[in-house]
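To start, the structure under review is shown below, and the notes come after it.
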Amino acid sequence: MRVLHVCSELFPLLKTGGLADVTGALPPALAELGCDSRVLVPGFPAFMSGLVEKKLVAELGSKFGAADVRLYLAKTPDNLTTLYVIDAPDLFDRPGNPYADANNQAYADNYRRFALLGWEAATLAEGLDSTWKPEVVHGHDWHSGLAAAYIKAAEISSGHKLASTVLTVHNLAYQGLFPAHVFGELELPSYFFGMNGLEFFDQVSFLKSGLFFSDKLTTVSPSYADEIQDVEQGCGLSGLLGAKNQDLVGILNGVDPTVWNPEIDPILVSKFSVRSMTGKAKCKTALQEYTGLKVQNEFPLFTIVSRLTEQKGLHLVVDGALEIINRGGQIAILGSGEPEIESAFAALAAKYPESVAVQLGYDEDHAHRLVAGSDVIMVPSRFEPCGLTQLYGMIYGTLPLVHKVGGLADTVTDCSLENLADETATGFVFDNFNVQGFNSAARRAFALFARKTEWKKVQKFAMAQDLSWDAAAQKYFDLYKQIT
Ligand code: ADP
């Protein structure tokens with residue numbers, strides 16, 4: 001089975017969020033099952049300089065405003081994944097964030113940049129590389145949303161099937177919306193701009209294109225698959241998702257054990273495992289020293305590793321911080337995003353330097369330090385398609401404190417008395433999305449932390465969860481088999 005993944009990020013070469021973790025880990029996990037998958041990415045600088053063994057596949061001339069477009073075949077440095085990379089310097093050779101300029105403004109020509117990505121996927125489905133033609137084209141998020149439209153258009157004009165298509169929604173809130181007038185530049189049949197196509201309230205929606213034209217839709221947790229069919233979380237697309245309900249499935253993300261694993265993590269001052277947890281205590285002390293927090297182990301250290309956006313529910317942490325501090329707890333934060341959230345956390349750190357530490361920005365090493373050295377990882381998101389940091393927390397014995405929504409609800413089991421008795425508890429879950437709900441979960445964390453034996457037991461349950469990619473990869477593979 002030959003599967004082409006189409007995406008804009010891939011760990012470790014280019015990452016702004018969980019999408020990259022998934023696209024980095026899923027192809028090798030599929031390969032383990034005998035599924036031959038390759039990845040198509042735009043030629044952002046991180047890919048052009050980071051990929052190895054580049055070989056020219058095709059010269060494509062001018063396309064979507066870019067001169068001299070070329071397609072290369074390449075490998076990731078670890079040799080685990082084979083990629084096609086689109087070299088189009090006019091569109092992709094820009095430093096920093098792949099989607100936005102230095103002022104965080106989305107690039108005005110994003111519709112051309114990601115049209116080229118989708119169009120290139122269709123040319124591969126048509127047989128551009130005579131040595132490898134995908135049977136399934138699997139897009140990820142809105143960036144790949146036009147792939148299924150170009151494939152459908154080519155199928156209609158040629159009269160035969162080119163490839164089956166899958167779109168995975170990693171976050172429905174990001175839709176790739178553009179003014180209607182850009183449609184003329186997309187080289188699609190004019191009737192594709194309509195309700196049965198990529199029109200979304202008089203705009204062009206790349207995400208809707210993928211949702212409408214793909215054979216199968218997946219999202220990254222079963223609960224989120226249900227939630228996005230409701231108006232409240234459907235971002236205007238609940239009707240379409242409900243209508244395609246039979247073709248929509250939630251498949252939980254896994255964790256890459258070569259990247260997130262306390263037994264081998266090179267960043268940790270001391271490795272640890274479920275059998276020997278002394279290393280974790282050393283990681284906590286080292287983290288407190290590194291961040292300037294008071295060194296103590298009487299009370300829990302809470303962490304956040306996150307994009308600082310409204311979605312993540314972090315105003316609950318800002319509002320609930322004093323309760324944690326007054327109980328002797330500490331908070332260590334890593335993130336970047338909306339200025340109001342950044343400054344609220346910075347103000348807390350300035351006022352309570354022994355209790356709150358904040359590092360603004362993106363720092364992979366510090367993320368590992370925080371996940372390993374903390375006691376509780378907070379993910380109080382308003383909505384959460386899957387969430388990865390709560391999974392990383394569990395693997396490192398750092399118990400998640402989460403809002404009961406989406407993938408958080410699917411992966412964390414609250415420390416209620418009955419769950420403790422059943423040995424299923426793995427963290428602290430709150431239902432009411434307000435500061436009272438958040439505080440009650442935080443109080444449960446303090447109460448459990450004071451009972452060392454119980455705390456250790458829950459750490460053990462959490463660390464024993466099977467969060468590997470094997471199960472998810474098998475589900476994707478089964479889905480591909482259904483449609484080919
Ligand atoms: P999302 O995709 O919505 O950002 P996820 O929880 O699915 O949320 O994935 C977030 C990923 O990004 C995790 O791998 C997390 O460790 C990482 N991450 C988020 N913020 C930072 C940061 N400031 N520095 C380093 N890694 C970060």
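Scheme for the structure tokens: letters A, B, ... for chains in order shown; per-chain residue numbers from 1; ligand numbers from 1 in order shown.
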Could you list, as a ChimeraX atom specification, all the residues within 7 Å of ligand 1, counting only C-alpha atoms and all ligand atoms?
/A:16-19,21,305-307,334-336,360-364,366-367,386-389
Contact residues around segment 370-379 of chain A with only C-alpha atoms at 7 Å, ignoring same-chain residues under 5 positions, as a list in words:
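Answer for this query is Lys280, Cys283, Lys284, Leu287, Pro300, Leu301, Phe302, Thr303, Ile304, Lys312, Gln390, Gly393, Tyr396, Thr398, Leu399, Pro400, Leu401, Val402 and His403 of chain A.
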Produce a file of the selected residues containing all heavy atoms, as a compact mmCIF listing (two decimals), in the first residue's frame.
# COMPACT_ATOMS: atom_id res chain seq x y z
N LYS A 280 13.47 11.09 38.86
CA LYS A 280 12.46 12.15 38.66
C LYS A 280 12.61 13.24 39.72
O LYS A 280 12.48 14.43 39.40
CB LYS A 280 11.05 11.56 38.67
CG LYS A 280 9.98 12.62 38.39
CD LYS A 280 8.67 12.05 37.95
CE LYS A 280 7.61 13.15 37.80
NZ LYS A 280 7.73 13.95 36.59
N CYS A 283 15.28 15.45 38.71
CA CYS A 283 14.85 16.33 37.63
C CYS A 283 14.06 17.52 38.18
O CYS A 283 14.16 18.64 37.68
CB CYS A 283 13.98 15.57 36.62
SG CYS A 283 14.92 14.42 35.62
N LYS A 284 13.28 17.26 39.25
CA LYS A 284 12.49 18.36 39.84
C LYS A 284 13.42 19.40 40.46
O LYS A 284 13.28 20.60 40.21
CB LYS A 284 11.51 17.81 40.89
CG LYS A 284 10.66 18.90 41.56
CD LYS A 284 9.53 18.32 42.41
CE LYS A 284 8.71 19.44 43.07
NZ LYS A 284 7.59 18.93 43.88
N LEU A 287 15.17 21.32 37.82
CA LEU A 287 14.27 22.27 37.16
C LEU A 287 14.07 23.51 38.02
O LEU A 287 14.09 24.65 37.53
CB LEU A 287 12.92 21.59 36.87
CG LEU A 287 11.82 22.47 36.31
CD1 LEU A 287 12.23 23.06 34.96
CD2 LEU A 287 10.52 21.68 36.15
N PRO A 300 3.31 20.26 45.20
CA PRO A 300 3.49 19.95 43.78
C PRO A 300 3.93 21.14 42.93
O PRO A 300 3.58 22.28 43.21
CB PRO A 300 2.10 19.47 43.34
CG PRO A 300 1.15 20.01 44.36
CD PRO A 300 1.91 20.17 45.64
N LEU A 301 4.69 20.80 41.91
CA LEU A 301 5.11 21.78 40.90
C LEU A 301 4.27 21.52 39.66
O LEU A 301 4.28 20.42 39.11
CB LEU A 301 6.61 21.59 40.62
CG LEU A 301 7.24 22.27 39.41
CD1 LEU A 301 6.95 23.76 39.40
CD2 LEU A 301 8.76 22.05 39.43
N PHE A 302 3.53 22.54 39.26
CA PHE A 302 2.64 22.44 38.10
C PHE A 302 3.35 23.04 36.89
O PHE A 302 4.05 24.04 37.01
CB PHE A 302 1.35 23.25 38.33
CG PHE A 302 0.48 22.74 39.45
CD1 PHE A 302 0.86 22.89 40.78
CD2 PHE A 302 -0.74 22.13 39.17
CE1 PHE A 302 0.04 22.42 41.81
CE2 PHE A 302 -1.56 21.67 40.20
CZ PHE A 302 -1.17 21.81 41.52
N THR A 303 3.13 22.46 35.72
CA THR A 303 3.73 23.05 34.53
C THR A 303 2.72 23.26 33.41
O THR A 303 1.63 22.65 33.39
CB THR A 303 4.91 22.18 34.01
OG1 THR A 303 5.59 22.92 32.99
CG2 THR A 303 4.45 20.87 33.40
N ILE A 304 3.12 24.13 32.47
CA ILE A 304 2.37 24.32 31.21
C ILE A 304 3.41 24.37 30.10
O ILE A 304 4.39 25.12 30.20
CB ILE A 304 1.62 25.68 31.21
CG1 ILE A 304 0.53 25.71 32.27
CG2 ILE A 304 1.04 25.98 29.83
CD1 ILE A 304 -0.02 27.11 32.51
N LYS A 312 -6.48 27.36 24.62
CA LYS A 312 -5.85 26.52 25.65
C LYS A 312 -6.39 26.78 27.07
O LYS A 312 -5.95 26.14 28.02
CB LYS A 312 -4.33 26.70 25.61
CG LYS A 312 -3.70 26.30 24.26
CD LYS A 312 -3.82 24.80 24.00
CE LYS A 312 -3.21 24.38 22.67
NZ LYS A 312 -3.30 22.93 22.42
N GLN A 390 -0.45 16.22 27.56
CA GLN A 390 -0.94 15.40 28.68
C GLN A 390 -0.45 13.96 28.54
O GLN A 390 -0.21 13.27 29.54
CB GLN A 390 -2.48 15.47 28.80
CG GLN A 390 -3.27 14.53 27.91
CD GLN A 390 -3.42 15.05 26.48
OE1 GLN A 390 -2.79 16.02 26.08
NE2 GLN A 390 -4.27 14.42 25.69
N GLY A 393 3.13 14.00 29.65
CA GLY A 393 3.13 14.04 31.11
C GLY A 393 2.96 12.65 31.69
O GLY A 393 3.72 12.22 32.56
N TYR A 396 5.95 10.50 31.67
CA TYR A 396 7.01 10.94 32.59
C TYR A 396 6.52 10.98 34.04
O TYR A 396 7.16 11.58 34.91
CB TYR A 396 7.51 12.34 32.18
CG TYR A 396 8.43 12.33 30.97
CD1 TYR A 396 7.94 12.03 29.70
CD2 TYR A 396 9.79 12.63 31.09
CE1 TYR A 396 8.77 12.03 28.58
CE2 TYR A 396 10.62 12.63 29.97
CZ TYR A 396 10.10 12.32 28.73
OH TYR A 396 10.93 12.33 27.62
N THR A 398 4.13 12.64 35.26
CA THR A 398 3.69 14.00 35.60
C THR A 398 2.20 14.04 35.31
O THR A 398 1.78 14.01 34.15
CB THR A 398 4.47 15.03 34.72
OG1 THR A 398 5.86 14.85 34.99
CG2 THR A 398 4.06 16.45 35.01
N LEU A 399 1.41 14.06 36.39
CA LEU A 399 -0.02 13.77 36.22
C LEU A 399 -0.75 14.94 35.56
O LEU A 399 -0.57 16.10 35.95
CB LEU A 399 -0.64 13.45 37.58
CG LEU A 399 0.04 12.29 38.33
CD1 LEU A 399 -0.73 11.98 39.63
CD2 LEU A 399 0.13 11.03 37.48
N PRO A 400 -1.56 14.65 34.54
CA PRO A 400 -2.25 15.73 33.83
C PRO A 400 -3.45 16.27 34.61
O PRO A 400 -4.19 15.51 35.24
CB PRO A 400 -2.74 15.05 32.54
CG PRO A 400 -2.19 13.68 32.54
CD PRO A 400 -1.77 13.34 33.93
N LEU A 401 -3.60 17.58 34.54
CA LEU A 401 -4.79 18.25 35.07
C LEU A 401 -5.48 18.86 33.85
O LEU A 401 -4.94 19.76 33.21
CB LEU A 401 -4.37 19.33 36.07
CG LEU A 401 -5.47 20.06 36.84
CD1 LEU A 401 -4.86 20.79 38.04
CD2 LEU A 401 -6.27 21.02 36.02
N VAL A 402 -6.67 18.34 33.51
CA VAL A 402 -7.25 18.69 32.21
C VAL A 402 -8.73 19.01 32.30
O VAL A 402 -9.44 18.54 33.19
CB VAL A 402 -7.07 17.53 31.18
CG1 VAL A 402 -5.61 17.16 31.02
CG2 VAL A 402 -7.89 16.30 31.56
N HIS A 403 -9.19 19.80 31.34
CA HIS A 403 -10.63 20.02 31.16
C HIS A 403 -11.18 18.79 30.42
O HIS A 403 -10.54 18.29 29.49
CB HIS A 403 -10.85 21.30 30.33
CG HIS A 403 -12.29 21.58 30.03
ND1 HIS A 403 -12.69 22.18 28.87
CD2 HIS A 403 -13.41 21.34 30.75
CE1 HIS A 403 -14.00 22.31 28.88
NE2 HIS A 403 -14.47 21.82 30.00
Give me, as an MDAnalysis selection string, all polymer residues having an atom no more than 10 Å from Gly329 of chain A, counting only C-alpha atoms and skipping those fewer than 2 positions away in the same chain.
chainID A and resid 296:302 321:327 331 355:356 442 446
Could you build a table of the residues in segment 107-145 of chain A lying no more than 6 Å from segment 2-15 of chain A, giving for each the nearest pair of atoms and their separation in Å rounded to one decimal place, using only C-alpha atoms, ordered by chain and ascending residue number, as CSV?
residue,atom,partner,partner_atom,distance
A:Pro134,CA,A:Arg2,CA,4.9
A:Glu135,CA,A:Arg2,CA,5.4
A:Val136,CA,A:Val3,CA,4.7
A:Val137,CA,A:Leu4,CA,4.8
A:His138,CA,A:His5,CA,4.7
A:Gly139,CA,A:Val6,CA,4.6
A:His140,CA,A:Cys7,CA,5.4
A:Ser144,CA,A:Val6,CA,5.9
Residues of segment 288-386 of chain A classed as helix (DSSP H, G or I) by DSSP on the backbone are to be reported as a ChimeraX atom specification.
/A:288-291,310-312,315-326,339-351,364-373
Show me, as a ChimeraX atom specification, the residues that have an atom within 7 Å of segment 451-461 of chain A when counting only C-alpha atoms, minus same-chain residues fewer than 2 positions from it.
/A:274,397,399,423-426,447-449,463-465
Could those residues be written to a file, using N, CA, C and O atoms, as a PDB file, in the first residue's frame?
ATOM      1  N   VAL A 274       9.393   3.699  35.355  1.00  0.00           N
ATOM      2  CA  VAL A 274       8.361   3.315  36.321  1.00  0.00           C
ATOM      3  C   VAL A 274       8.950   2.425  37.427  1.00  0.00           C
ATOM      4  O   VAL A 274       8.479   2.428  38.561  1.00  0.00           O
ATOM      5  N   GLY A 397       5.359  10.380  34.327  1.00  0.00           N
ATOM      6  CA  GLY A 397       4.852  10.367  35.703  1.00  0.00           C
ATOM      7  C   GLY A 397       4.452  11.744  36.190  1.00  0.00           C
ATOM      8  O   GLY A 397       4.427  12.006  37.400  1.00  0.00           O
ATOM      9  N   LEU A 399       1.407  14.058  36.390  1.00  0.00           N
ATOM     10  CA  LEU A 399      -0.023  13.772  36.221  1.00  0.00           C
ATOM     11  C   LEU A 399      -0.746  14.937  35.557  1.00  0.00           C
ATOM     12  O   LEU A 399      -0.575  16.097  35.952  1.00  0.00           O
ATOM     13  N   GLU A 423      -7.938   1.336  40.158  1.00  0.00           N
ATOM     14  CA  GLU A 423      -6.584   1.474  39.574  1.00  0.00           C
ATOM     15  C   GLU A 423      -6.639   1.938  38.122  1.00  0.00           C
ATOM     16  O   GLU A 423      -5.927   1.446  37.250  1.00  0.00           O
ATOM     17  N   THR A 424      -7.542   2.892  37.854  1.00  0.00           N
ATOM     18  CA  THR A 424      -7.612   3.457  36.505  1.00  0.00           C
ATOM     19  C   THR A 424      -7.264   4.948  36.488  1.00  0.00           C
ATOM     20  O   THR A 424      -7.143   5.540  35.428  1.00  0.00           O
ATOM     21  N   ALA A 425      -7.122   5.541  37.679  1.00  0.00           N
ATOM     22  CA  ALA A 425      -6.910   6.994  37.747  1.00  0.00           C
ATOM     23  C   ALA A 425      -5.548   7.372  37.184  1.00  0.00           C
ATOM     24  O   ALA A 425      -4.547   6.714  37.476  1.00  0.00           O
ATOM     25  N   THR A 426      -5.518   8.435  36.377  1.00  0.00           N
ATOM     26  CA  THR A 426      -4.228   8.885  35.818  1.00  0.00           C
ATOM     27  C   THR A 426      -4.011  10.391  35.960  1.00  0.00           C
ATOM     28  O   THR A 426      -2.964  10.892  35.559  1.00  0.00           O
ATOM     29  N   ALA A 447      -4.263  17.339  47.344  1.00  0.00           N
ATOM     30  CA  ALA A 447      -4.661  16.308  48.308  1.00  0.00           C
ATOM     31  C   ALA A 447      -3.953  14.991  48.006  1.00  0.00           C
ATOM     32  O   ALA A 447      -3.462  14.309  48.909  1.00  0.00           O
ATOM     33  N   LEU A 448      -3.884  14.646  46.738  1.00  0.00           N
ATOM     34  CA  LEU A 448      -3.240  13.374  46.383  1.00  0.00           C
ATOM     35  C   LEU A 448      -1.726  13.453  46.608  1.00  0.00           C
ATOM     36  O   LEU A 448      -1.108  12.488  47.058  1.00  0.00           O
ATOM     37  N   PHE A 449      -1.141  14.622  46.316  1.00  0.00           N
ATOM     38  CA  PHE A 449       0.315  14.772  46.469  1.00  0.00           C
ATOM     39  C   PHE A 449       0.722  14.565  47.930  1.00  0.00           C
ATOM     40  O   PHE A 449       1.823  14.079  48.220  1.00  0.00           O
ATOM     41  N   MET A 463       2.052   5.940  33.923  1.00  0.00           N
ATOM     42  CA  MET A 463       3.246   5.559  33.149  1.00  0.00           C
ATOM     43  C   MET A 463       3.058   4.224  32.435  1.00  0.00           C
ATOM     44  O   MET A 463       3.778   3.919  31.482  1.00  0.00           O
ATOM     45  N   ALA A 464       2.085   3.437  32.932  1.00  0.00           N
ATOM     46  CA  ALA A 464       1.873   2.123  32.318  1.00  0.00           C
ATOM     47  C   ALA A 464       0.899   2.168  31.136  1.00  0.00           C
ATOM     48  O   ALA A 464       0.671   1.158  30.481  1.00  0.00           O
ATOM     49  N   GLN A 465       0.316   3.347  30.859  1.00  0.00           N
ATOM     50  CA  GLN A 465      -0.628   3.430  29.727  1.00  0.00           C
ATOM     51  C   GLN A 465       0.104   3.109  28.427  1.00  0.00           C
ATOM     52  O   GLN A 465       1.250   3.508  28.240  1.00  0.00           O
TER      53      GLN A 465
END
Rounded to one decimal, what separation in Å do you get between atom CA of Thr291 of chain A and atom CA of Ala332 of chain A?
7.8 Å
Residue nearest Thr82 of chain A among A:Arg275, A:Lys54, A:Arg112, A:Arg382 (counting only C-alpha atoms):
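Answer, going by the shortest atom-to-atom distance: A:Lys54.
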Quick one: everything within 9 Å of Ser381 of chain A, counting only C-alpha atoms, minus sequence neighbours fewer than 4 positions away in the same chain. Send it as a JSON list (two decimals) with C-alpha atoms, in the first residue's frame.
[["chain", "number", "residue", "atom", "x", "y", "z"],
["A", 310, "GLU", "CA", -7.41, 31.42, 23.85],
["A", 311, "GLN", "CA", -8.12, 27.78, 22.89],
["A", 312, "LYS", "CA", -5.85, 26.52, 25.65],
["A", 313, "GLY", "CA", -8.00, 27.91, 28.52],
["A", 314, "LEU", "CA", -5.00, 29.46, 30.21],
["A", 402, "VAL", "CA", -7.25, 18.69, 32.21],
["A", 403, "HIS", "CA", -10.63, 20.02, 31.16],
["A", 404, "LYS", "CA", -12.97, 17.17, 30.23],
["A", 405, "VAL", "CA", -13.11, 17.82, 26.51],
["A", 408, "LEU", "CA", -8.20, 15.23, 27.01],
["A", 433, "PHE", "CA", -14.99, 25.25, 32.35]]
Select from segment 286-409 of chain A everything DSSP, run on the backbone, classes as strand (DSSP E), then give the selection as a PyMOL selection string.
chain A and resi 301-308+330-337+356-360+376-379+399-403
Among the residues A:Leu186, A:Leu117, A:Val220, A:Ala20, the one that comes closest to Val204 of chain A [using only C-alpha atoms]
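Of A:Leu186, A:Leu117, A:Val220, A:Ala20, the one nearest Val204 of chain A, counting only C-alpha atoms, is A:Leu186.
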Which residues, written as a list in words, have at least one atom at most 9 Å from Ile483 of chain A, with only C-alpha atoms counted and residues fewer than 5 positions away on the same chain left out?
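Listed by chain and then number, they are Val136, Ser164, Thr165, Asp215 and Lys216 of chain A.
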Selection from above, N, CA, C and O atoms, as a PDB file, in the first residue's frame, can you write it?
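To be explicit, this is the file written out as result_25.pdb:
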ATOM      1  N   VAL A 136      -3.192   6.109  -1.923  1.00  0.00           N
ATOM      2  CA  VAL A 136      -3.966   6.961  -1.008  1.00  0.00           C
ATOM      3  C   VAL A 136      -3.204   8.274  -0.836  1.00  0.00           C
ATOM      4  O   VAL A 136      -1.987   8.268  -0.643  1.00  0.00           O
ATOM      5  N   SER A 164      -7.366   7.270  -3.695  1.00  0.00           N
ATOM      6  CA  SER A 164      -8.343   7.531  -2.647  1.00  0.00           C
ATOM      7  C   SER A 164      -7.785   8.630  -1.747  1.00  0.00           C
ATOM      8  O   SER A 164      -6.565   8.814  -1.659  1.00  0.00           O
ATOM      9  N   THR A 165      -8.693   9.335  -1.065  1.00  0.00           N
ATOM     10  CA  THR A 165      -8.224  10.490  -0.296  1.00  0.00           C
ATOM     11  C   THR A 165      -8.724  10.454   1.141  1.00  0.00           C
ATOM     12  O   THR A 165      -9.860  10.058   1.414  1.00  0.00           O
ATOM     13  N   ASP A 215     -12.446  11.180   0.537  1.00  0.00           N
ATOM     14  CA  ASP A 215     -13.269   9.973   0.715  1.00  0.00           C
ATOM     15  C   ASP A 215     -13.507   9.690   2.192  1.00  0.00           C
ATOM     16  O   ASP A 215     -14.580   9.258   2.587  1.00  0.00           O
ATOM     17  N   LYS A 216     -12.460   9.873   2.998  1.00  0.00           N
ATOM     18  CA  LYS A 216     -12.582   9.600   4.439  1.00  0.00           C
ATOM     19  C   LYS A 216     -12.013  10.783   5.215  1.00  0.00           C
ATOM     20  O   LYS A 216     -11.038  11.419   4.789  1.00  0.00           O
TER      21      LYS A 216
END
Could you check the closest approach to Tyr224 of chain A for each of A:Pro380, A:Pro385, A:Pro257, A:Gly292 and tell me which residue wins, using only C-alpha atoms?
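Closest residue, counting only C-alpha atoms: A:Pro385.
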One decimal, Å: what's the distance from atom CA of Ala163 of chain A over to atom CA of Gly184 of chain A, could you say?
25.1 Å
Any idea what's packed within 10 Å of Gln203 of chain A, counting only C-alpha atoms, ignoring anything in its chain fewer than 3 positions away? Could you give it as a compact mmCIF listing (two decimals) with all heavy atoms, in the first residue's frame?
# COMPACT_ATOMS: atom_id res chain seq x y z
N GLY A 176 -7.96 28.01 6.82
CA GLY A 176 -7.44 28.46 5.54
C GLY A 176 -8.52 29.17 4.73
O GLY A 176 -8.91 28.70 3.67
N LEU A 177 -9.00 30.31 5.26
CA LEU A 177 -10.06 31.09 4.60
C LEU A 177 -9.46 32.24 3.81
O LEU A 177 -8.58 32.95 4.31
CB LEU A 177 -11.02 31.66 5.64
CG LEU A 177 -11.94 30.67 6.36
CD1 LEU A 177 -12.77 31.40 7.41
CD2 LEU A 177 -12.85 29.97 5.35
N PHE A 178 -9.96 32.42 2.60
CA PHE A 178 -9.45 33.48 1.72
C PHE A 178 -10.62 34.14 0.99
O PHE A 178 -11.66 33.50 0.80
CB PHE A 178 -8.46 32.90 0.70
CG PHE A 178 -7.31 32.18 1.35
CD1 PHE A 178 -7.32 30.80 1.51
CD2 PHE A 178 -6.23 32.90 1.85
CE1 PHE A 178 -6.28 30.14 2.15
CE2 PHE A 178 -5.17 32.24 2.48
CZ PHE A 178 -5.20 30.86 2.63
N PRO A 179 -10.44 35.41 0.55
CA PRO A 179 -11.53 36.06 -0.18
C PRO A 179 -11.90 35.31 -1.45
O PRO A 179 -11.04 34.66 -2.06
CB PRO A 179 -10.97 37.45 -0.52
CG PRO A 179 -9.64 37.56 0.11
CD PRO A 179 -9.25 36.25 0.70
N ALA A 180 -13.17 35.44 -1.83
CA ALA A 180 -13.68 34.68 -2.98
C ALA A 180 -12.87 34.92 -4.25
O ALA A 180 -12.71 34.02 -5.07
CB ALA A 180 -15.15 35.06 -3.21
N HIS A 181 -12.33 36.15 -4.40
CA HIS A 181 -11.68 36.45 -5.68
C HIS A 181 -10.42 35.61 -5.95
O HIS A 181 -9.98 35.51 -7.08
CB HIS A 181 -11.37 37.96 -5.80
CG HIS A 181 -10.33 38.45 -4.84
ND1 HIS A 181 -8.99 38.23 -5.02
CD2 HIS A 181 -10.45 39.11 -3.66
CE1 HIS A 181 -8.33 38.76 -4.01
NE2 HIS A 181 -9.18 39.29 -3.17
N VAL A 182 -9.87 34.98 -4.90
CA VAL A 182 -8.66 34.17 -5.16
C VAL A 182 -9.01 32.87 -5.91
O VAL A 182 -8.15 32.23 -6.50
CB VAL A 182 -7.85 33.81 -3.88
CG1 VAL A 182 -7.63 35.03 -3.00
CG2 VAL A 182 -8.49 32.68 -3.08
N PHE A 183 -10.30 32.53 -5.89
CA PHE A 183 -10.68 31.25 -6.50
C PHE A 183 -10.21 31.15 -7.95
O PHE A 183 -9.75 30.08 -8.40
CB PHE A 183 -12.20 31.02 -6.41
CG PHE A 183 -12.61 29.71 -7.00
CD1 PHE A 183 -12.45 28.53 -6.29
CD2 PHE A 183 -13.12 29.63 -8.30
CE1 PHE A 183 -12.80 27.30 -6.85
CE2 PHE A 183 -13.46 28.41 -8.87
CZ PHE A 183 -13.30 27.24 -8.13
N PHE A 193 -16.58 26.13 -6.86
CA PHE A 193 -16.84 27.21 -5.91
C PHE A 193 -18.34 27.29 -5.67
O PHE A 193 -19.07 27.97 -6.39
CB PHE A 193 -16.30 28.55 -6.42
CG PHE A 193 -16.41 29.64 -5.38
CD1 PHE A 193 -15.63 29.60 -4.24
CD2 PHE A 193 -17.31 30.68 -5.53
CE1 PHE A 193 -15.73 30.58 -3.25
CE2 PHE A 193 -17.44 31.67 -4.54
CZ PHE A 193 -16.64 31.61 -3.41
N GLY A 194 -18.81 26.56 -4.70
CA GLY A 194 -20.23 26.52 -4.38
C GLY A 194 -20.39 25.78 -3.08
O GLY A 194 -19.40 25.28 -2.51
N LEU A 198 -15.73 24.22 -2.33
CA LEU A 198 -14.91 24.87 -1.31
C LEU A 198 -15.37 26.26 -0.93
O LEU A 198 -14.64 27.01 -0.28
CB LEU A 198 -13.43 24.84 -1.70
CG LEU A 198 -13.02 25.07 -3.16
CD1 LEU A 198 -13.18 26.49 -3.53
CD2 LEU A 198 -11.61 24.57 -3.35
N GLU A 199 -16.61 26.58 -1.27
CA GLU A 199 -17.15 27.88 -0.83
C GLU A 199 -17.66 27.78 0.60
O GLU A 199 -18.32 26.80 0.98
CB GLU A 199 -18.28 28.30 -1.76
CG GLU A 199 -18.77 29.71 -1.51
CD GLU A 199 -20.18 29.74 -0.94
OE1 GLU A 199 -20.94 28.77 -1.15
OE2 GLU A 199 -20.51 30.72 -0.27
N PHE A 200 -17.33 28.77 1.40
CA PHE A 200 -17.75 28.79 2.80
C PHE A 200 -18.18 30.22 3.12
O PHE A 200 -17.32 31.10 3.26
CB PHE A 200 -16.57 28.35 3.69
CG PHE A 200 -16.89 28.28 5.16
CD1 PHE A 200 -17.70 27.28 5.68
CD2 PHE A 200 -16.36 29.22 6.03
CE1 PHE A 200 -17.97 27.22 7.04
CE2 PHE A 200 -16.62 29.16 7.39
CZ PHE A 200 -17.44 28.16 7.89
N PHE A 206 -9.99 26.32 2.36
CA PHE A 206 -9.17 25.16 2.03
C PHE A 206 -9.59 23.95 2.87
O PHE A 206 -9.58 22.82 2.40
CB PHE A 206 -7.68 25.47 2.27
CG PHE A 206 -7.02 26.18 1.12
CD1 PHE A 206 -7.67 27.17 0.40
CD2 PHE A 206 -5.71 25.87 0.74
CE1 PHE A 206 -7.05 27.83 -0.67
CE2 PHE A 206 -5.08 26.50 -0.31
CZ PHE A 206 -5.75 27.49 -1.02
So the first atom is atom CA of Gln229 of chain A and the second is atom CA of Leu479 of chain A; what is the distance between them in Å, to one decimal place?
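Rounded to one decimal, the two atoms are 20.4 Å apart.
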